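This report concerns only the one structure given below.
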Number of protein chains: 2
Amino acid sequence: MKQKRFILDESELPRQWYNIQAEMINKPMPLLNPATKEPLNADDLAHIFAAECARQELDMEHAWIDIPEEVQRRYRYYRSTPLVRAYALEEALGTPAHIYFKNESVNPLGSHKLNSAIPQCYYCKQEGVTNVTTETGAGQWGAALSYAAKTFGLECAVYQVKISMQQKPYRSSIMRTFGATVTGSPSMSTRAGKDIITADPNHPGSLGTAISEAVELATTTPNCKYTLGSVMSHVSLHQTVIGLEAEKQMEMAGEYPDIVIACFGGGSNFSGLAFPFMRHQLQMVNGKSSNGKWIDFIAAEPASCPKLTKGKFEYDFGDTAGYTPLLPMFTLGHNFKPANIHAGGLRYHGAGVIVSQLLKDGYMRGMDIPQLESFDAGLLFARTEGIIPAPESCHAIAATIREAKKCKETGEEKVILFNLSGHGLIDMTAYDSFLNGDLANPVF
Amino acid sequence: MKQKRFILDESELPRQWYNIQAEMINKPMPLLNPATKEPLNADDLAHIFAAECARQELDMEHAWIDIPEEVQRRYRYYRSTPLVRAYALEEALGTPAHIYFKNESVNPLGSHKLNSAIPQCYYCKQEGVTNVTTETGAGQWGAALSYAAKTFGLECAVYQVKISMQQKPYRSSIMRTFGATVTGSPSMSTRAGKDIITADPNHPGSLGTAISEAVELATTTPNCKYTLGSVMSHVSLHQTVIGLEAEKQMEMAGEYPDIVIACFGGGSNFSGLAFPFMRHQLQMVNGKSSNGKWIDFIAAEPASCPKLTKGKFEYDFGDTAGYTPLLPMFTLGHNFKPANIHAGGLRYHGAGVIVSQLLKDGYMRGMDIPQLESFDAGLLFARTEGIIPAPESCHAIAATIREAKKCKETGEEKVILFNLSGHGLIDMTAYDSFLNGDLANPVF
């Protein structure tokens with residue numbers, strides 16, 4: 001009987017994260033102080049983030065960074081996640097492609113987000129911080145942070161995008177179950193929120209508005225740090241446990257991917273899966289290695305929020321109010337108001353700085369997926385593999401199906417690996433709307 | 001670093017189910033035809049159930065029954081489930097006890113129920129059945145059956161207990177996502193439902209009412225079989241994969257349980273975990289073996305629906321309308337109307353016939369848990385181990401905590417193993433009510 005799932009022994013789990021910045025040919029451009037336009041250093045960033053995260057953010061030197069023992073211990077609560085061969089999906093598609101997915105949805109919080117929530121809270125605790133705050137869209141990052149904060153004895157305040165809060169009320173309940181305070185964004189509790197509401201009383205919120213509010217809270221509260229679930233380079237760093245595990249698991253399966261796919265909001269689950277595989281290509285270009293296969297890396301984004309395929313590469317703010325440093329990124333503009341699609345985690349105007357540079361340099365490509373195609377893909381995946389995927393992950397599945405269908409046409413037995421970043425059990429209203437024919441395809 | 005999770009290689013997965021009936025000293029008493037009071041045979045039962053399930057139901061001979069290859073293949077989509085050492089819970093309790101749980105919540109459908117849904121649908125398909133129907137309380141069984149039916153190409157109709165449908169609307173959405181038709185019970189679509197509604201227009205429904213409706217649909221629809229998620233002996237049989245895996249996994253951990261705990265509705269998750277361990281005791285009593293340790297088996301039931309601790313052992317119907325055979329069981333009476341607790345899967349008046357006999361013979365004991373104590377336990381578990389448990393599973397956790405606290409008093413290093421039968425992500429309204437102080441302790 002053919003093996004379905006590949007799981008690593010705990011002794012095989014990664015002890016280091018992979019820092020792709022150290023091996024990039026063109027390094028990411030610096031983050032700038034918006035007032036002076038001067039490059040920021042780690043001390044500047046440490047006003048907002050944990051000092052160690054700030055250091056990691058700008059580390060262009062060390063390709064491997066030790067995972068603290070305590071973080072490793074907590075990773076063992078749910079890692080490794082399984083690498084799964086999607087036989088039933090392959091059969092339904094009639095494709096010769098071999099489809100694998102990394103199942104981050106079996107994580108107790110339901111998504112990959114915990115991989116970075118644990119180290120961020122760990123570093124905060126180490127540095128004597130007592131309060132953490134953040135933004136969340138669909139709520140997966142907020143849920144992960146709430147649990148991680150609770151286990152490290154930190155108070156946690158979350159600004160959740162208002163439209164997502166209405167679409168998935170259970171995610172707020174989950175955060176409260178872990179003891180967090182949850183506020184819909186934009187809210188009247190911050191200056192940024194008040195300004196946004198005053199300008200547009202019906203603003204549905206976005207990751208950009210919620211980041212503004214959380215950053216404002218962090219900078220005006222003693223002993224409080226801001227944490228972020230995506231976009232930043234230290235978040236991508238923490239997420240590389242996904243790809244490092246997947247590489248070993250693909251080896252267990254006796255295969256190597258031709259195509260690696262993940263959905264794309266700010267870049268966390270894409271980076272986490274892709275960077276460890278991409279390092280072999282960088283090493284080839286660097287002349288450090290002659291081994292390796294050129295992989296087609298695909299970041300699947302919503303057609304209605306297409307910064308990778310239709311954005312501009314330029315310096316922009318990470319949030320709506322303009323509180324963050326200026327980031328060199330593919331962006332739709334920090335005032336871009338994304339359509340109310342159910343993939344709340346992908347409703348963000350910009351891409352992380354590393355990914356932006358890699359996209360510019362041709363190491364990867366974006367693929368934009370209309371909402372209805374994403375749910376079609378999610379439904380087929382559920383009915384074959386038995387897992388209801390998060391609306392975000394549905395984008396990765398849709399891109400996978402497109403590539404698998406191409407293989408059917410050409411007869412190629414390509415190996416496709418995608419990231420199932422989270423389950424959709426808290427998104428059942430979205431599936432209800434889809435099944436009832438009430439969902440639309442918002443355009444850009 | 002101490003190992004947290006124990007997972008079996010696919011090559012180590014069980015290839016046979018364990019049929020405890022073959023080794024019981026006092027066999028379960030026969031199922032009776034309510035009209036004639038004559039014992040039923042497999043042919044009689046095959047009018048309602050798949051013929052192979054009917055055969056398994058009455059098999060007192062074979063201790064081991066082969067798991068069909070196709071069922072084994074589908075088990076590999078999610079099995080083995082992890083055995084997990086609950087270090088964080090132990091630490092929070094300050095107990096010297098070693099607490100392990102079998103994590104059935106990482107199953108794609110969120111509970112152990114898929115273990116029996118797959119073989120029941122497989123046998124139906126083999127026998128040329130085209131439609132299956134069932135009842136569901138909390139909806140975990142209904143969700144599992146909906147997915148299993150879809151993968152075998154069977155139409156599926158589910159009667160969901162009305163109060164549970166209101167408490168957890170997402171579960172109906174999950175069933176619809178898998179293509180099932182869902183009707184709230186009692187409904188006006190069956191004679192049984194009409195009678196119940198006529199007598200009590202505000203009847204909240206119970207597993208008993210929903211069984212009546214599903215059985216009526218099955219017996220009045222061509223080529224349609226009824227399936228059940230608990231109570232029946234063939235369901236317990238299928239669920240023994242849990243305990244068979246757990247036994248090997250405890251061996252990996254180098255320990256053996258002193259206490260085995262599971263929540264109890266009709267008996268499916270309790271039986272599944274307990275029976276493979278209990279076989280060693282039966283073999284000792286039988287004189288077949290001199291090895292083995294006497295385990296304290298605890299079935300945790302709601303204080304408001306306490307058939308094990310306060311029910312009578314007698315012949316009773318399995319459903320409200322009296323459509324089923326007469327079953328020899330501990331029961332509160334088939335007209336018993338359970339309080340509207342959130343543990344919808346435990347709102348059932350009777351216990352399966354095997355468990356009833358074992359309880360009568362002193363091989364196990366019941367423990368009744370008030371609703372608030374169950375949620376207190378669930379919250380502590382979530383905040384330590386990171387998994388929000390189903391309200392049903394909270395009862396097992398509460399019983400575990402009681403025993404672990406006893407160990408703290410006595411200083412005993414007992415090994416406690418409990419079944420985390422499912423996650424509570426679809427039950428967030430229950431947690432909301434609990435956190436808001438709106439939940440009560442309904443009495444019996």
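Ordering of the structure tokens sets the chain letters (A, B, ...), residue numbers begin anew at 1 in every chain, and ligands are numbered from 1 in the order given.
Residue neighbourhood of His349 in chain A, excluding near-sequence residues (fewer than 4 positions): Ser206, Leu207, Gly208, Gly265, Gly266, Cys305, Pro306, Lys307, Gly311, Gly318, Asp319, Phe330, Thr331, Leu332, Gly333, His334, Asn335, Phe336, Lys337 and Pro338 of chain A, at 9 Å, using only C-alpha atoms.
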Based on the selection just made, write all heavy atoms of those residues as a CSV table (one decimal), in the first residue's frame.
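The new file selection33.csv reads:
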chain,number,residue,atom,x,y,z
A,206,SER,N,-8.9,46.7,7.2
A,206,SER,CA,-8.0,45.9,6.3
A,206,SER,C,-6.8,45.6,7.3
A,206,SER,O,-6.7,46.2,8.4
A,206,SER,CB,-7.5,46.7,5.1
A,206,SER,OG,-6.7,47.8,5.5
A,207,LEU,N,-5.9,44.8,6.8
A,207,LEU,CA,-4.8,44.5,7.6
A,207,LEU,C,-4.0,45.9,7.8
A,207,LEU,O,-3.5,46.1,8.9
A,207,LEU,CB,-3.9,43.5,6.9
A,207,LEU,CG,-4.4,42.1,7.1
A,207,LEU,CD1,-3.7,41.1,6.1
A,207,LEU,CD2,-4.3,41.6,8.5
A,208,GLY,N,-4.0,46.7,6.8
A,208,GLY,CA,-3.4,48.0,7.0
A,208,GLY,C,-3.9,48.9,8.1
A,208,GLY,O,-3.2,49.5,8.9
A,265,GLY,N,-0.4,36.6,1.2
A,265,GLY,CA,-1.0,37.8,1.7
A,265,GLY,C,0.1,38.8,2.0
A,265,GLY,O,0.3,39.7,1.2
A,266,GLY,N,0.9,38.5,3.0
A,266,GLY,CA,2.1,39.3,3.2
A,266,GLY,C,3.4,38.5,2.9
A,266,GLY,O,4.5,39.0,2.8
A,305,CYS,N,-6.8,41.5,-5.2
A,305,CYS,CA,-5.8,42.2,-4.3
A,305,CYS,C,-4.4,41.8,-4.9
A,305,CYS,O,-3.7,41.1,-4.1
A,305,CYS,CB,-6.0,41.8,-2.9
A,305,CYS,SG,-5.0,42.8,-1.7
A,306,PRO,N,-4.1,42.1,-6.1
A,306,PRO,CA,-3.0,41.5,-6.8
A,306,PRO,C,-1.7,42.3,-6.8
A,306,PRO,O,-1.2,42.8,-7.8
A,306,PRO,CB,-3.6,41.4,-8.3
A,306,PRO,CG,-4.4,42.7,-8.4
A,306,PRO,CD,-4.9,43.0,-7.0
A,307,LYS,N,-1.1,42.4,-5.6
A,307,LYS,CA,0.1,43.3,-5.6
A,307,LYS,C,1.3,42.6,-6.3
A,307,LYS,O,2.1,43.4,-6.8
A,307,LYS,CB,0.5,43.6,-4.1
A,307,LYS,CG,0.9,42.3,-3.3
A,307,LYS,CD,-0.1,42.2,-2.2
A,307,LYS,CE,0.0,41.0,-1.4
A,307,LYS,NZ,-1.2,40.8,-0.6
A,311,GLY,N,0.9,45.1,-8.9
A,311,GLY,CA,1.4,46.2,-8.0
A,311,GLY,C,2.7,46.8,-8.6
A,311,GLY,O,3.2,46.3,-9.6
A,318,GLY,N,3.8,50.1,5.5
A,318,GLY,CA,3.2,48.8,5.8
A,318,GLY,C,1.7,48.9,6.3
A,318,GLY,O,1.0,47.9,6.3
A,319,ASP,N,1.3,50.1,6.7
A,319,ASP,CA,0.0,50.3,7.3
A,319,ASP,C,-0.7,51.5,6.6
A,319,ASP,O,-0.1,52.3,5.9
A,319,ASP,CB,0.1,50.5,8.8
A,319,ASP,CG,0.7,51.8,9.1
A,319,ASP,OD1,1.7,52.2,8.4
A,319,ASP,OD2,0.2,52.5,10.0
A,330,PHE,N,6.5,45.4,-3.5
A,330,PHE,CA,5.5,45.4,-4.5
A,330,PHE,C,4.2,45.8,-3.7
A,330,PHE,O,3.9,45.2,-2.7
A,330,PHE,CB,5.3,44.0,-5.1
A,330,PHE,CG,6.2,43.8,-6.3
A,330,PHE,CD1,7.5,43.3,-6.1
A,330,PHE,CD2,5.9,44.3,-7.6
A,330,PHE,CE1,8.4,43.1,-7.1
A,330,PHE,CE2,6.8,44.1,-8.6
A,330,PHE,CZ,8.0,43.5,-8.4
A,331,THR,N,3.6,46.8,-4.1
A,331,THR,CA,2.4,47.4,-3.4
A,331,THR,C,1.3,47.9,-4.3
A,331,THR,O,1.6,48.3,-5.4
A,331,THR,CB,2.9,48.5,-2.4
A,331,THR,OG1,1.8,49.0,-1.7
A,331,THR,CG2,3.7,49.6,-3.2
A,332,LEU,N,0.1,47.9,-3.8
A,332,LEU,CA,-1.0,48.5,-4.4
A,332,LEU,C,-1.3,49.9,-3.8
A,332,LEU,O,-2.3,50.5,-4.1
A,332,LEU,CB,-2.2,47.6,-4.3
A,332,LEU,CG,-2.1,46.3,-4.9
A,332,LEU,CD1,-3.2,45.3,-4.5
A,332,LEU,CD2,-2.1,46.4,-6.5
A,333,GLY,N,-0.4,50.3,-2.9
A,333,GLY,CA,-0.6,51.6,-2.2
A,333,GLY,C,-1.2,51.4,-0.9
A,333,GLY,O,-2.1,50.6,-0.7
A,334,HIS,N,-0.6,52.1,0.2
A,334,HIS,CA,-1.1,51.8,1.5
A,334,HIS,C,-2.5,52.2,1.8
A,334,HIS,O,-3.1,51.9,2.8
A,334,HIS,CB,-0.1,52.3,2.6
A,334,HIS,CG,0.0,53.8,2.6
A,334,HIS,ND1,0.8,54.5,1.7
A,334,HIS,CD2,-0.6,54.7,3.4
A,334,HIS,CE1,0.6,55.8,2.0
A,334,HIS,NE2,-0.2,55.9,3.0
A,335,ASN,N,-3.1,53.0,0.9
A,335,ASN,CA,-4.5,53.4,1.0
A,335,ASN,C,-5.4,52.5,0.3
A,335,ASN,O,-6.6,52.7,0.3
A,335,ASN,CB,-4.7,54.8,0.6
A,335,ASN,CG,-4.1,55.8,1.6
A,335,ASN,OD1,-4.4,55.6,2.8
A,335,ASN,ND2,-3.4,56.8,1.2
A,336,PHE,N,-4.9,51.5,-0.4
A,336,PHE,CA,-5.7,50.6,-1.1
A,336,PHE,C,-6.7,49.9,-0.2
A,336,PHE,O,-6.3,49.4,0.8
A,336,PHE,CB,-4.8,49.5,-1.8
A,336,PHE,CG,-5.6,48.5,-2.6
A,336,PHE,CD1,-6.2,48.8,-3.8
A,336,PHE,CD2,-5.7,47.2,-2.1
A,336,PHE,CE1,-6.9,47.9,-4.5
A,336,PHE,CE2,-6.4,46.2,-2.8
A,336,PHE,CZ,-7.0,46.6,-4.0
A,337,LYS,N,-8.0,49.9,-0.6
A,337,LYS,CA,-9.0,49.2,0.2
A,337,LYS,C,-9.4,47.9,-0.5
A,337,LYS,O,-10.1,48.0,-1.5
A,337,LYS,CB,-10.2,50.2,0.4
A,337,LYS,CG,-11.0,49.9,1.6
A,337,LYS,CD,-12.1,50.9,2.0
A,337,LYS,CE,-12.3,52.1,1.2
A,337,LYS,NZ,-13.7,52.6,1.4
A,338,PRO,N,-9.0,46.8,0.1
A,338,PRO,CA,-9.3,45.5,-0.6
A,338,PRO,C,-10.8,45.2,-0.6
A,338,PRO,O,-11.5,45.6,0.4
A,338,PRO,CB,-8.5,44.5,0.2
A,338,PRO,CG,-7.6,45.3,1.2
A,338,PRO,CD,-8.3,46.6,1.3
Practice prompt. Please identify every residue of chain B that has at least one atom no more than 8 Å from any atom of chain A, counting only C-alpha atoms, and report them as number ranges by chain.
Written response: B: 1, 3-5, 10, 73, 76-78, 106, 108-109, 147, 150-151, 170, 173-174, 177-178, 379, 382-388, 425-426, 428-429, 431-432, 435
Include N, CA, C and O atoms and write out the residues we just selected as a compact mmCIF listing (two decimals), in the first residue's frame.
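That gives us selection.txt:
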# COMPACT_ATOMS: atom_id res chain seq x y z
N MET B 1 15.83 16.35 25.15
CA MET B 1 14.47 16.90 25.23
C MET B 1 13.46 15.75 25.23
O MET B 1 13.59 14.83 24.43
N GLN B 3 10.28 13.46 24.65
CA GLN B 3 9.39 13.34 23.49
C GLN B 3 7.96 13.72 23.88
O GLN B 3 7.46 13.31 24.91
N LYS B 4 7.33 14.50 23.00
CA LYS B 4 5.99 15.01 23.28
C LYS B 4 4.91 14.16 22.62
O LYS B 4 3.89 13.87 23.21
N ARG B 5 5.15 13.79 21.36
CA ARG B 5 4.11 13.09 20.60
C ARG B 5 4.65 11.77 20.07
O ARG B 5 5.81 11.68 19.67
N GLU B 10 3.07 4.07 9.09
CA GLU B 10 1.89 3.48 8.45
C GLU B 10 1.96 1.96 8.44
O GLU B 10 0.94 1.27 8.50
N ARG B 73 -6.71 1.72 3.59
CA ARG B 73 -6.14 2.77 2.74
C ARG B 73 -6.68 4.15 3.15
O ARG B 73 -5.95 5.12 3.25
N ARG B 76 -5.39 5.65 6.38
CA ARG B 76 -4.07 6.27 6.28
C ARG B 76 -4.12 7.74 5.93
O ARG B 76 -3.11 8.43 5.96
N TYR B 77 -5.31 8.24 5.56
CA TYR B 77 -5.44 9.68 5.32
C TYR B 77 -5.22 10.46 6.61
O TYR B 77 -4.88 11.64 6.56
N TYR B 78 -5.41 9.83 7.76
CA TYR B 78 -5.28 10.61 9.01
C TYR B 78 -4.71 9.78 10.16
O TYR B 78 -4.41 10.33 11.23
N VAL B 106 -7.28 15.57 15.48
CA VAL B 106 -6.56 15.99 14.27
C VAL B 106 -7.04 15.26 13.02
O VAL B 106 -6.60 15.55 11.92
N PRO B 108 -9.28 14.77 9.97
CA PRO B 108 -9.78 15.91 9.17
C PRO B 108 -11.21 16.32 9.51
O PRO B 108 -11.56 17.48 9.34
N LEU B 109 -12.03 15.42 9.99
CA LEU B 109 -13.41 15.80 10.32
C LEU B 109 -13.53 16.23 11.77
O LEU B 109 -14.63 16.54 12.24
N TYR B 147 -18.74 13.05 4.72
CA TYR B 147 -17.49 12.93 3.93
C TYR B 147 -17.29 11.51 3.43
O TYR B 147 -16.99 11.30 2.24
N LYS B 150 -19.60 10.74 0.58
CA LYS B 150 -19.17 11.43 -0.65
C LYS B 150 -18.04 10.66 -1.33
O LYS B 150 -18.07 10.45 -2.55
N THR B 151 -17.07 10.20 -0.54
CA THR B 151 -15.92 9.54 -1.17
C THR B 151 -16.31 8.18 -1.76
O THR B 151 -15.62 7.69 -2.65
N TYR B 170 -22.29 25.76 12.31
CA TYR B 170 -21.23 25.44 11.35
C TYR B 170 -21.19 23.96 11.02
O TYR B 170 -20.73 23.56 9.96
N SER B 173 -23.22 23.33 8.14
CA SER B 173 -22.52 23.82 6.95
C SER B 173 -21.46 22.82 6.50
O SER B 173 -21.27 22.61 5.30
N ILE B 174 -20.77 22.23 7.45
CA ILE B 174 -19.74 21.24 7.10
C ILE B 174 -20.38 20.07 6.36
O ILE B 174 -19.89 19.61 5.33
N THR B 177 -21.25 21.05 2.95
CA THR B 177 -20.04 21.17 2.13
C THR B 177 -19.66 19.82 1.55
O THR B 177 -19.15 19.72 0.43
N PHE B 178 -19.93 18.77 2.30
CA PHE B 178 -19.64 17.42 1.80
C PHE B 178 -20.82 16.84 1.02
O PHE B 178 -20.84 15.65 0.71
N LEU B 379 -11.15 24.63 29.39
CA LEU B 379 -10.43 25.91 29.28
C LEU B 379 -8.98 25.73 29.74
O LEU B 379 -8.05 26.23 29.09
N ALA B 382 -7.13 23.92 27.01
CA ALA B 382 -6.85 24.78 25.86
C ALA B 382 -5.66 25.69 26.16
O ALA B 382 -4.76 25.84 25.34
N ARG B 383 -5.68 26.27 27.34
CA ARG B 383 -4.66 27.27 27.65
C ARG B 383 -3.30 26.64 27.97
O ARG B 383 -2.31 27.35 28.04
N THR B 384 -3.27 25.36 28.18
CA THR B 384 -1.99 24.69 28.41
C THR B 384 -1.54 23.94 27.16
O THR B 384 -0.46 24.18 26.63
N GLU B 385 -2.38 23.07 26.65
CA GLU B 385 -1.98 22.21 25.53
C GLU B 385 -2.28 22.84 24.16
O GLU B 385 -1.85 22.29 23.14
N GLY B 386 -3.03 23.95 24.13
CA GLY B 386 -3.23 24.66 22.88
C GLY B 386 -4.33 24.12 22.00
O GLY B 386 -4.51 24.59 20.88
N ILE B 387 -5.09 23.16 22.47
CA ILE B 387 -6.17 22.56 21.67
C ILE B 387 -7.49 22.84 22.37
O ILE B 387 -7.66 22.47 23.54
N ILE B 388 -8.42 23.46 21.67
CA ILE B 388 -9.74 23.71 22.25
C ILE B 388 -10.55 22.42 22.10
O ILE B 388 -10.82 21.99 20.98
N LEU B 425 -13.73 23.48 17.90
CA LEU B 425 -13.72 24.70 17.09
C LEU B 425 -15.10 25.08 16.55
O LEU B 425 -15.34 26.22 16.21
N ILE B 426 -15.99 24.09 16.49
CA ILE B 426 -17.33 24.37 16.00
C ILE B 426 -18.26 24.68 17.18
O ILE B 426 -19.45 24.92 17.02
N MET B 428 -17.67 27.14 19.51
CA MET B 428 -17.19 28.36 20.16
C MET B 428 -18.31 29.14 20.85
O MET B 428 -18.06 29.86 21.80
N THR B 429 -19.56 28.97 20.39
CA THR B 429 -20.65 29.67 21.09
C THR B 429 -20.77 29.13 22.51
O THR B 429 -21.10 29.88 23.43
N TYR B 431 -18.22 28.05 24.36
CA TYR B 431 -17.14 28.68 25.13
C TYR B 431 -17.45 30.15 25.41
O TYR B 431 -17.16 30.66 26.49
N ASP B 432 -18.05 30.82 24.41
CA ASP B 432 -18.48 32.21 24.63
C ASP B 432 -19.42 32.30 25.82
O ASP B 432 -19.25 33.12 26.71
N LEU B 435 -17.52 31.70 29.04
CA LEU B 435 -16.67 32.84 29.43
C LEU B 435 -17.52 34.02 29.90
O LEU B 435 -17.11 34.79 30.76
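Near range 283-292 of chain B, within a cut-off of 8 Å and counting only C-alpha atoms, sit the residues Glu23, Ile25, Arg279 and His280 of chain B, with same-chain residues fewer than 3 positions away left out.
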Practice prompt. With a distance cut-off of 12 Å and only C-alpha atoms, select the neighbouring residues of His47 in chain A, excluding the residue or stretch itself and same-chain residues fewer than 4 positions from it, and output the selection as a count of residues only.
Written response: 24
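Among A:Ala404, A:Glu213, A:Lys125, A:Pro201, the residue with the shortest atom-to-atom distance to Val158 in chain A, counting only C-alpha atoms, is A:Glu213.
Relative to CA of Phe297 in chain A, CA of Met364 in chain A is found at 4.7 Å.
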Discussion item. Ranking A:Ala92, A:Leu58, A:Val71, A:Ile295 by minimum distance to Lys405 in chain A and counting only C-alpha atoms, which one comes first?
Written reply: A:Ala92
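Within 8 Å of range 395-401 of chain A there are Leu93, Ile261, Ala262, Cys263, Ile298, Ala299, Ala300, Glu301, Pro302, Met367, Ile369, Glu373, Ser374, Asp376, Ala377, Gly378, Phe381, Ile416, Phe418, Asn419 and Leu420 of chain A, counting only C-alpha atoms and ignoring same-chain residues fewer than 6 positions away.
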Discussion item. Could you go through range 60-114 of chain A and tell me which residues DSSP, when run on the backbone, assigns to strand (DSSP E), listing them as a PyMOL selection string?
Written reply: chain A and resi 64-66+83-85+98-103
Could you write out the selected residues, including all heavy atoms, as a short mmCIF file (atom, residue, chain, number, x, y, z; two decimals), in the first residue's frame?
data_model
loop_
_atom_site.label_atom_id
_atom_site.label_comp_id
_atom_site.auth_asym_id
_atom_site.auth_seq_id
_atom_site.Cartn_x
_atom_site.Cartn_y
_atom_site.Cartn_z
N TRP A 64 22.05 30.60 8.93
CA TRP A 64 21.35 29.71 9.86
C TRP A 64 21.31 30.35 11.23
O TRP A 64 22.33 30.82 11.74
CB TRP A 64 22.06 28.35 9.92
CG TRP A 64 22.00 27.65 8.60
CD1 TRP A 64 22.97 27.64 7.65
CD2 TRP A 64 20.90 26.91 8.06
NE1 TRP A 64 22.56 26.93 6.55
CE2 TRP A 64 21.28 26.47 6.77
CE3 TRP A 64 19.62 26.58 8.53
CZ2 TRP A 64 20.44 25.72 5.95
CZ3 TRP A 64 18.78 25.82 7.72
CH2 TRP A 64 19.20 25.40 6.45
N ILE A 65 20.14 30.38 11.82
CA ILE A 65 19.97 31.01 13.13
C ILE A 65 19.37 29.98 14.08
O ILE A 65 18.35 29.35 13.76
CB ILE A 65 19.07 32.26 13.00
CG1 ILE A 65 19.85 33.33 12.21
CG2 ILE A 65 18.64 32.78 14.37
CD1 ILE A 65 19.10 34.60 11.94
N ASP A 66 20.02 29.80 15.22
CA ASP A 66 19.58 28.77 16.17
C ASP A 66 18.16 29.03 16.67
O ASP A 66 17.83 30.15 17.04
CB ASP A 66 20.52 28.73 17.39
CG ASP A 66 21.87 28.11 17.04
OD1 ASP A 66 21.97 27.46 15.97
OD2 ASP A 66 22.82 28.29 17.82
N LEU A 83 3.52 15.79 5.79
CA LEU A 83 3.53 15.99 4.33
C LEU A 83 2.62 14.89 3.78
O LEU A 83 2.77 13.72 4.14
CB LEU A 83 4.93 15.82 3.75
CG LEU A 83 5.01 15.93 2.23
CD1 LEU A 83 5.01 17.38 1.79
CD2 LEU A 83 6.24 15.22 1.67
N VAL A 84 1.67 15.29 2.94
CA VAL A 84 0.64 14.34 2.50
C VAL A 84 0.61 14.25 0.97
O VAL A 84 0.67 15.28 0.29
CB VAL A 84 -0.76 14.77 3.01
CG1 VAL A 84 -1.79 13.69 2.71
CG2 VAL A 84 -0.73 15.08 4.49
N ARG A 85 0.54 13.06 0.46
CA ARG A 85 0.34 12.87 -0.98
C ARG A 85 -1.16 12.89 -1.25
O ARG A 85 -1.92 12.09 -0.67
CB ARG A 85 0.93 11.52 -1.41
CG ARG A 85 0.67 11.13 -2.85
CD ARG A 85 1.64 11.77 -3.83
NE ARG A 85 1.32 11.41 -5.20
CZ ARG A 85 1.89 10.42 -5.89
NH1 ARG A 85 2.83 9.70 -5.33
NH2 ARG A 85 1.52 10.16 -7.13
N HIS A 98 2.17 14.45 -9.56
CA HIS A 98 2.17 13.98 -8.18
C HIS A 98 1.97 15.20 -7.30
O HIS A 98 2.80 16.10 -7.29
CB HIS A 98 3.49 13.32 -7.82
CG HIS A 98 3.77 12.06 -8.60
ND1 HIS A 98 4.75 11.18 -8.26
CD2 HIS A 98 3.16 11.54 -9.69
CE1 HIS A 98 4.76 10.16 -9.12
NE2 HIS A 98 3.81 10.36 -10.00
N ILE A 99 0.87 15.21 -6.56
CA ILE A 99 0.56 16.39 -5.75
C ILE A 99 0.81 16.08 -4.28
O ILE A 99 0.26 15.11 -3.74
CB ILE A 99 -0.90 16.84 -5.96
CG1 ILE A 99 -1.15 17.14 -7.44
CG2 ILE A 99 -1.22 18.05 -5.09
CD1 ILE A 99 -2.60 17.49 -7.76
N TYR A 100 1.62 16.91 -3.65
CA TYR A 100 1.86 16.81 -2.21
C TYR A 100 1.43 18.10 -1.55
O TYR A 100 1.51 19.16 -2.15
CB TYR A 100 3.35 16.62 -1.92
CG TYR A 100 3.91 15.30 -2.36
CD1 TYR A 100 4.31 15.09 -3.67
CD2 TYR A 100 4.03 14.25 -1.46
CE1 TYR A 100 4.82 13.86 -4.08
CE2 TYR A 100 4.55 13.01 -1.86
CZ TYR A 100 4.94 12.84 -3.17
OH TYR A 100 5.44 11.63 -3.56
N PHE A 101 0.95 17.97 -0.29
CA PHE A 101 0.75 19.21 0.46
C PHE A 101 1.32 19.08 1.86
O PHE A 101 1.35 17.99 2.44
CB PHE A 101 -0.72 19.63 0.50
CG PHE A 101 -1.68 18.66 1.15
CD1 PHE A 101 -2.01 18.78 2.50
CD2 PHE A 101 -2.28 17.65 0.41
CE1 PHE A 101 -2.90 17.90 3.09
CE2 PHE A 101 -3.18 16.76 1.00
CZ PHE A 101 -3.49 16.88 2.35
N LYS A 102 1.83 20.20 2.34
CA LYS A 102 2.31 20.29 3.71
C LYS A 102 1.12 20.74 4.54
O LYS A 102 0.59 21.83 4.34
CB LYS A 102 3.46 21.31 3.75
CG LYS A 102 4.11 21.49 5.12
CD LYS A 102 4.92 20.30 5.56
CE LYS A 102 5.77 20.65 6.79
NZ LYS A 102 6.16 19.45 7.55
N ASN A 103 0.71 19.87 5.48
CA ASN A 103 -0.55 20.13 6.18
C ASN A 103 -0.34 20.90 7.48
O ASN A 103 -0.30 20.34 8.57
CB ASN A 103 -1.27 18.80 6.45
CG ASN A 103 -2.66 19.03 7.01
OD1 ASN A 103 -3.09 20.16 7.19
ND2 ASN A 103 -3.37 17.94 7.29
#
Item to complete: Write down as a PyMOL selection string the residues of range 244-436 of chain B whose backbone DSSP state falls under helix (DSSP H, G or I).
Response: chain B and resi 244-252+268-285+307-310+344-346+353-360+371-385+391-410+428-435
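Atom pair CA of Ala22 in chain A / CA of His234 in chain A has a distance of 12.7 Å (rounded to one decimal).
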